[in-house]
Amino acid sequence: MIHTHQTAPTQFVEANGIRFAYRRFGKPGGVPLVFMQHFRGGMDHWDPAVTDGFAQDREVILFDNAGVSSSSGDVPTSVEGMAQHAAAFIDALGIKKVDALGFSIGGTVAQQLTIDRPDLVRKLILVGTGPRSGEGMASFTPEAQEIFGAKYDPPDELWLRVFFTPSEPSQAAGRKYLERQRARKENRDPLPNEKVAPAQLAALQKWGAPANDPYA
């Protein structure tokens, strides 16, 4: 049986003292595409339209990094620590080569993983992210602080403000996105706990801090 975003079972693997939660689905064989998630996001925050689209042609692997949602441990307060956990997770699966897709803070982790393990990463795909010491990378804008600091009911309506503009067509597209995201009913990830965001923010502050030679 070839699984999809909605049907892939949550599995676990131990590495680096962490019990990592992950899902694998799509067309087996070849180099898998490993997804690295955005700020305060878990496996169920990926859009099935995106993950299943990729999975038509290749195997997709989603996972929760240390301390996020279904994975054990604590979120590291550095991107380097997150990348070390990501490498340990991939090694524990016995995979020798991956393509890495990093979104938002996941993009910083994917960059660091590629620097640390060029033997492991064949291709790097960066989405909605930025470089080490990049302009504005060390802190959220006031607008982002307000968006993430507000209360939402239900909580996932936060993403209507994060990813979509206030216009009616954009909000309509956002609600369709939430419908797709909510479609998985069985074995869903719990929401990330209250420790995740502060640790991820601390990691971003270090990543974005000014440096003369940031990738030295």
# chains A, B, ... in the order shown; residues from 1 in each chain; ligands from 1
$ residues_around --residues "Pro118 of chain A" --least-positions-apart "3" --cutoff "12 Å" --atoms "only C-alpha atoms" --output "number ranges by chain"
A: 87, 96-100, 110-115, 121-124
$ closest_atom_pairs --of "segment 76-127 of chain A" --to "segment 16-21 of chain A" --cutoff "12 Å" --atoms "only C-alpha atoms" --output "tab-separated table"
residue	atom	partner	partner_atom	distance
A:Pro76	CA	A:Ile18	CA	11.9
A:Gly81	CA	A:Asn16	CA	10.9
A:Met82	CA	A:Asn16	CA	11.2
A:Ala83	CA	A:Asn16	CA	11.7
A:Gln84	CA	A:Asn16	CA	8.6
A:His85	CA	A:Asn16	CA	6.7
A:Ala86	CA	A:Phe20	CA	9.4
A:Ala87	CA	A:Asn16	CA	9.5
A:Ala88	CA	A:Asn16	CA	6.2
A:Phe89	CA	A:Phe20	CA	6.9
A:Ile90	CA	A:Phe20	CA	10.1
A:Asp91	CA	A:Asn16	CA	10.3
A:Ala92	CA	A:Asn16	CA	9.2
A:Leu93	CA	A:Phe20	CA	10.5
$ closest_atom_pairs --of "segment 106-193 of chain A" --to "segment 41-52 of chain A" --cutoff "9 Å" --atoms "only C-alpha atoms" --output "tab-separated table"
residue	atom	partner	partner_atom	distance
A:Asp156	CA	A:His45	CA	8.9
A:Tyr177	CA	A:Asp47	CA	6.8
A:Leu178	CA	A:Asp47	CA	8.3
A:Arg180	CA	A:Pro48	CA	6.3
A:Gln181	CA	A:Asp47	CA	5.7
A:Arg182	CA	A:Asp44	CA	7.9
A:Ala183	CA	A:Pro48	CA	8.9
A:Arg184	CA	A:Asp44	CA	7.9
A:Arg188	CA	A:Asp44	CA	6.7
A:Asp189	CA	A:Asp44	CA	6.2
A:Pro190	CA	A:Gly42	CA	8.2
A:Leu191	CA	A:Gly42	CA	7.3
A:Pro192	CA	A:Gly41	CA	7.0
$ select_by_dssp --residues "segment 7-129 of chain A" --states "alpha helix (DSSP H)" --output "VMD selection string"
chain A and resid 48 to 55 79 to 92 105 to 116
$ write_last_selection --atoms "N, CA, C and O atoms" --output "short mmCIF file (atom, residue, chain, number, x, y, z; two decimals), in the first residue's frame"
data_model
loop_
_atom_site.label_atom_id
_atom_site.label_comp_id
_atom_site.auth_asym_id
_atom_site.auth_seq_id
_atom_site.Cartn_x
_atom_site.Cartn_y
_atom_site.Cartn_z
N PRO A 48 -1.29 19.24 2.78
CA PRO A 48 -1.31 18.00 2.01
C PRO A 48 -1.23 18.22 0.51
O PRO A 48 -0.72 17.35 -0.22
N ALA A 49 -1.70 19.37 0.01
CA ALA A 49 -1.60 19.64 -1.42
C ALA A 49 -0.14 19.71 -1.86
O ALA A 49 0.20 19.34 -2.99
N VAL A 50 0.72 20.16 -0.96
CA VAL A 50 2.15 20.25 -1.26
C VAL A 50 2.83 18.89 -1.08
O VAL A 50 3.53 18.40 -1.98
N THR A 51 2.63 18.28 0.09
CA THR A 51 3.33 17.03 0.37
C THR A 51 2.88 15.90 -0.55
O THR A 51 3.71 15.14 -1.06
N ASP A 52 1.57 15.79 -0.79
CA ASP A 52 1.09 14.74 -1.69
C ASP A 52 1.50 15.03 -3.14
O ASP A 52 1.69 14.09 -3.93
N GLY A 53 1.64 16.30 -3.47
CA GLY A 53 2.12 16.64 -4.81
C GLY A 53 3.51 16.10 -5.04
O GLY A 53 3.79 15.46 -6.07
N PHE A 54 4.40 16.33 -4.10
CA PHE A 54 5.75 15.79 -4.21
C PHE A 54 5.74 14.26 -4.17
O PHE A 54 6.53 13.60 -4.85
N ALA A 55 4.84 13.70 -3.35
CA ALA A 55 4.83 12.25 -3.13
C ALA A 55 4.35 11.46 -4.34
O ALA A 55 4.48 10.23 -4.37
N VAL A 79 20.31 26.83 16.15
CA VAL A 79 20.06 26.13 14.89
C VAL A 79 21.03 24.97 14.75
O VAL A 79 20.66 23.90 14.23
N GLU A 80 22.26 25.15 15.22
CA GLU A 80 23.24 24.06 15.15
C GLU A 80 22.74 22.82 15.87
O GLU A 80 22.88 21.69 15.37
N GLY A 81 22.14 23.02 17.06
CA GLY A 81 21.61 21.89 17.81
C GLY A 81 20.47 21.22 17.08
O GLY A 81 20.36 19.98 17.06
N MET A 82 19.60 22.00 16.47
CA MET A 82 18.49 21.44 15.70
C MET A 82 19.00 20.63 14.51
O MET A 82 18.47 19.56 14.21
N ALA A 83 20.03 21.15 13.85
CA ALA A 83 20.60 20.45 12.69
C ALA A 83 21.25 19.13 13.11
O ALA A 83 21.18 18.14 12.38
N GLN A 84 21.91 19.13 14.26
CA GLN A 84 22.51 17.89 14.76
C GLN A 84 21.45 16.83 15.00
O GLN A 84 21.64 15.65 14.67
N HIS A 85 20.32 17.24 15.57
CA HIS A 85 19.22 16.30 15.79
C HIS A 85 18.67 15.80 14.45
O HIS A 85 18.37 14.61 14.30
N ALA A 86 18.51 16.71 13.48
CA ALA A 86 18.00 16.30 12.18
C ALA A 86 18.91 15.27 11.52
O ALA A 86 18.45 14.27 10.95
N ALA A 87 20.22 15.48 11.62
CA ALA A 87 21.17 14.53 11.05
C ALA A 87 21.08 13.18 11.76
O ALA A 87 21.11 12.12 11.10
N ALA A 88 20.96 13.22 13.08
CA ALA A 88 20.86 11.97 13.84
C ALA A 88 19.60 11.21 13.47
O ALA A 88 19.61 9.97 13.35
N PHE A 89 18.51 11.93 13.26
CA PHE A 89 17.25 11.30 12.85
C PHE A 89 17.40 10.61 11.50
O PHE A 89 17.03 9.44 11.35
N ILE A 90 17.96 11.31 10.53
CA ILE A 90 18.12 10.73 9.19
C ILE A 90 19.06 9.53 9.23
O ILE A 90 18.80 8.49 8.62
N ASP A 91 20.16 9.66 9.98
CA ASP A 91 21.09 8.54 10.11
C ASP A 91 20.41 7.32 10.73
O ASP A 91 20.67 6.17 10.34
N ALA A 92 19.54 7.57 11.72
CA ALA A 92 18.86 6.47 12.40
C ALA A 92 17.94 5.70 11.46
O ALA A 92 17.68 4.51 11.67
N ILE A 105 11.96 28.62 9.91
CA ILE A 105 13.09 28.20 10.75
C ILE A 105 13.63 26.86 10.25
O ILE A 105 14.83 26.56 10.39
N GLY A 106 12.77 26.04 9.63
CA GLY A 106 13.24 24.79 9.05
C GLY A 106 14.26 25.03 7.95
O GLY A 106 15.13 24.19 7.72
N GLY A 107 14.17 26.19 7.28
CA GLY A 107 15.15 26.53 6.27
C GLY A 107 16.52 26.81 6.85
O GLY A 107 17.55 26.49 6.24
N THR A 108 16.55 27.39 8.05
CA THR A 108 17.85 27.61 8.71
C THR A 108 18.45 26.28 9.12
O THR A 108 19.66 26.07 9.00
N VAL A 109 17.61 25.37 9.59
CA VAL A 109 18.09 24.04 9.99
C VAL A 109 18.61 23.28 8.77
O VAL A 109 19.67 22.64 8.83
N ALA A 110 17.89 23.38 7.66
CA ALA A 110 18.32 22.69 6.44
C ALA A 110 19.65 23.25 5.94
O ALA A 110 20.51 22.50 5.46
N GLN A 111 19.83 24.57 6.04
CA GLN A 111 21.11 25.16 5.64
C GLN A 111 22.26 24.62 6.50
O GLN A 111 23.31 24.22 5.98
N GLN A 112 22.04 24.61 7.82
CA GLN A 112 23.10 24.16 8.71
C GLN A 112 23.37 22.67 8.52
O GLN A 112 24.53 22.23 8.56
N LEU A 113 22.32 21.89 8.30
CA LEU A 113 22.50 20.46 8.04
C LEU A 113 23.36 20.25 6.79
O LEU A 113 24.26 19.39 6.78
N THR A 114 23.13 21.04 5.76
CA THR A 114 23.89 20.91 4.52
C THR A 114 25.35 21.28 4.72
O THR A 114 26.25 20.64 4.16
N ILE A 115 25.59 22.31 5.54
CA ILE A 115 26.97 22.70 5.86
C ILE A 115 27.67 21.61 6.66
O ILE A 115 28.81 21.25 6.40
N ASP A 116 26.94 21.08 7.67
CA ASP A 116 27.53 20.07 8.55
C ASP A 116 27.73 18.73 7.86
O ASP A 116 28.71 18.03 8.14
#
$ residues_around --residues "Ala199 of chain A" --least-positions-apart "3" --cutoff "12 Å" --atoms "only C-alpha atoms" --output "tab-separated table (two decimals) with N, CA and C atoms, in the first residue's frame"
chain	number	residue	atom	x	y	z
A	39	PHE	N	8.25	27.69	12.12
A	39	PHE	CA	8.11	28.12	13.51
A	39	PHE	C	6.79	27.61	14.10
A	40	ARG	N	6.90	26.95	15.25
A	40	ARG	CA	5.73	26.44	15.98
A	40	ARG	C	4.90	25.45	15.18
A	66	ALA	N	13.43	17.53	17.69
A	66	ALA	CA	13.45	17.34	19.14
A	66	ALA	C	12.59	18.37	19.86
A	67	GLY	N	11.74	17.89	20.75
A	67	GLY	CA	10.92	18.76	21.60
A	67	GLY	C	9.66	19.28	20.96
A	68	VAL	N	9.41	18.93	19.69
A	68	VAL	CA	8.25	19.44	18.98
A	68	VAL	C	7.17	18.37	18.87
A	74	ASP	N	13.88	18.27	24.37
A	74	ASP	CA	13.69	19.72	24.40
A	74	ASP	C	14.16	20.33	23.09
A	75	VAL	N	13.52	21.42	22.70
A	75	VAL	CA	13.94	22.15	21.51
A	75	VAL	C	15.27	22.83	21.79
A	76	PRO	N	16.30	22.60	21.00
A	76	PRO	CA	17.57	23.30	21.20
A	76	PRO	C	17.39	24.80	21.01
A	77	THR	N	18.21	25.57	21.69
A	77	THR	CA	18.16	27.03	21.54
A	77	THR	C	19.19	27.51	20.53
A	78	SER	N	19.62	26.63	19.64
A	78	SER	CA	20.50	27.02	18.54
A	78	SER	C	20.13	26.21	17.31
A	79	VAL	N	20.31	26.83	16.15
A	79	VAL	CA	20.06	26.13	14.89
A	79	VAL	C	21.03	24.97	14.75
A	81	GLY	N	22.14	23.02	17.06
A	81	GLY	CA	21.61	21.89	17.81
A	81	GLY	C	20.47	21.22	17.08
A	82	MET	N	19.60	22.00	16.47
A	82	MET	CA	18.49	21.44	15.70
A	82	MET	C	19.00	20.63	14.51
A	105	ILE	N	11.96	28.62	9.91
A	105	ILE	CA	13.09	28.20	10.75
A	105	ILE	C	13.63	26.86	10.25
A	192	PRO	N	2.31	21.91	19.42
A	192	PRO	CA	3.56	22.12	20.14
A	192	PRO	C	3.29	22.78	21.50
A	193	ASN	N	4.06	22.40	22.51
A	193	ASN	CA	3.83	22.96	23.85
A	193	ASN	C	4.41	24.36	23.97
A	194	GLU	N	4.21	24.96	25.16
A	194	GLU	CA	4.58	26.37	25.36
A	194	GLU	C	6.09	26.60	25.39
A	195	LYS	N	6.88	25.53	25.45
A	195	LYS	CA	8.34	25.69	25.48
A	195	LYS	C	8.95	25.83	24.09
A	196	VAL	N	8.19	25.47	23.05
A	196	VAL	CA	8.74	25.42	21.70
A	196	VAL	C	9.09	26.81	21.18
A	202	ALA	N	14.96	31.93	20.46
A	202	ALA	CA	16.36	32.07	20.91
A	202	ALA	C	17.32	31.59	19.83
A	203	ALA	N	16.96	30.49	19.16
A	203	ALA	CA	17.80	29.97	18.08
A	203	ALA	C	17.86	30.96	16.91
A	204	LEU	N	16.72	31.55	16.58
A	204	LEU	CA	16.68	32.52	15.48
A	204	LEU	C	17.50	33.77	15.80
A	205	GLN	N	17.47	34.20	17.05
A	205	GLN	CA	18.26	35.38	17.45
A	205	GLN	C	19.75	35.13	17.24
A	206	LYS	N	20.20	33.94	17.60
A	206	LYS	CA	21.61	33.60	17.40
A	206	LYS	C	21.93	33.48	15.91
$ atom_distance --atom1 "atom CA of Glu186 of chain A" --atom2 "atom CA of Met36 of chain A"
21.9 Å
$ select_by_dssp --residues "segment 7-208 of chain A" --states "strand (DSSP E)" --output "JSON, numbers by chain"
{"A": [11, 12, 13, 14, 15, 18, 19, 20, 21, 22, 23, 24, 25, 26, 33, 34, 35, 36, 59, 60, 61, 62, 63, 64, 98, 99, 100, 101, 102, 103, 121, 122, 123, 124, 125, 126, 127]}
$ closest_residue --among "A:Lys151, A:Ala172, A:Asn187, A:Gln145" --to "Thr10 of chain A" --atoms "only C-alpha atoms"
A:Asn187
$ residues_around --residues "Met1 of chain A" --least-positions-apart "3" --cutoff "10 Å" --atoms "only C-alpha atoms" --output "JSON, numbers by chain"
{"A": [4, 25, 26]}
$ atom_distance --atom1 "atom CA of Gly102 of chain A" --atom2 "atom CA of Gln37 of chain A"
6.5 Å
$ atom_distance --atom1 "atom CA of Arg175 of chain A" --atom2 "atom CA of Glu146 of chain A"
20.8 Å
$ residues_around --residues "Glu143 of chain A" --least-positions-apart "5" --cutoff "12 Å" --atoms "only C-alpha atoms" --output "short mmCIF file (atom, residue, chain, number, x, y, z; two decimals) with N, CA, C and O atoms, in the first residue's frame"
data_model
loop_
_atom_site.label_atom_id
_atom_site.label_comp_id
_atom_site.auth_asym_id
_atom_site.auth_seq_id
_atom_site.Cartn_x
_atom_site.Cartn_y
_atom_site.Cartn_z
N PHE A 148 1.62 36.55 16.27
CA PHE A 148 1.88 35.35 17.06
C PHE A 148 1.47 35.52 18.52
O PHE A 148 1.27 34.54 19.23
N GLY A 149 1.36 36.76 18.99
CA GLY A 149 0.97 37.00 20.38
C GLY A 149 -0.52 37.02 20.61
O GLY A 149 -0.97 36.98 21.76
N ALA A 150 -1.32 37.07 19.54
CA ALA A 150 -2.77 37.13 19.67
C ALA A 150 -3.35 35.74 19.98
O ALA A 150 -2.68 34.72 19.82
N ARG A 161 -3.57 34.41 9.35
CA ARG A 161 -2.89 35.70 9.40
C ARG A 161 -1.41 35.58 9.04
O ARG A 161 -0.83 36.52 8.51
N VAL A 162 -0.82 34.44 9.33
CA VAL A 162 0.61 34.26 9.04
C VAL A 162 0.85 34.12 7.54
O VAL A 162 1.76 34.76 6.98
#
$ closest_residue --among "A:Gly73, A:Pro28, A:Pro131, A:Pro169" --to "His3 of chain A" --atoms "only C-alpha atoms"
A:Pro28
$ closest_residue --among "A:Pro154, A:Pro210, A:Pro142, A:Pro32" --to "Gly94 of chain A" --atoms "only C-alpha atoms"
A:Pro32
$ closest_residue --among "A:Gly134, A:Asp153, A:Ile61, A:Glu179" --to "Asp213 of chain A" --atoms "only C-alpha atoms"
A:Gly134
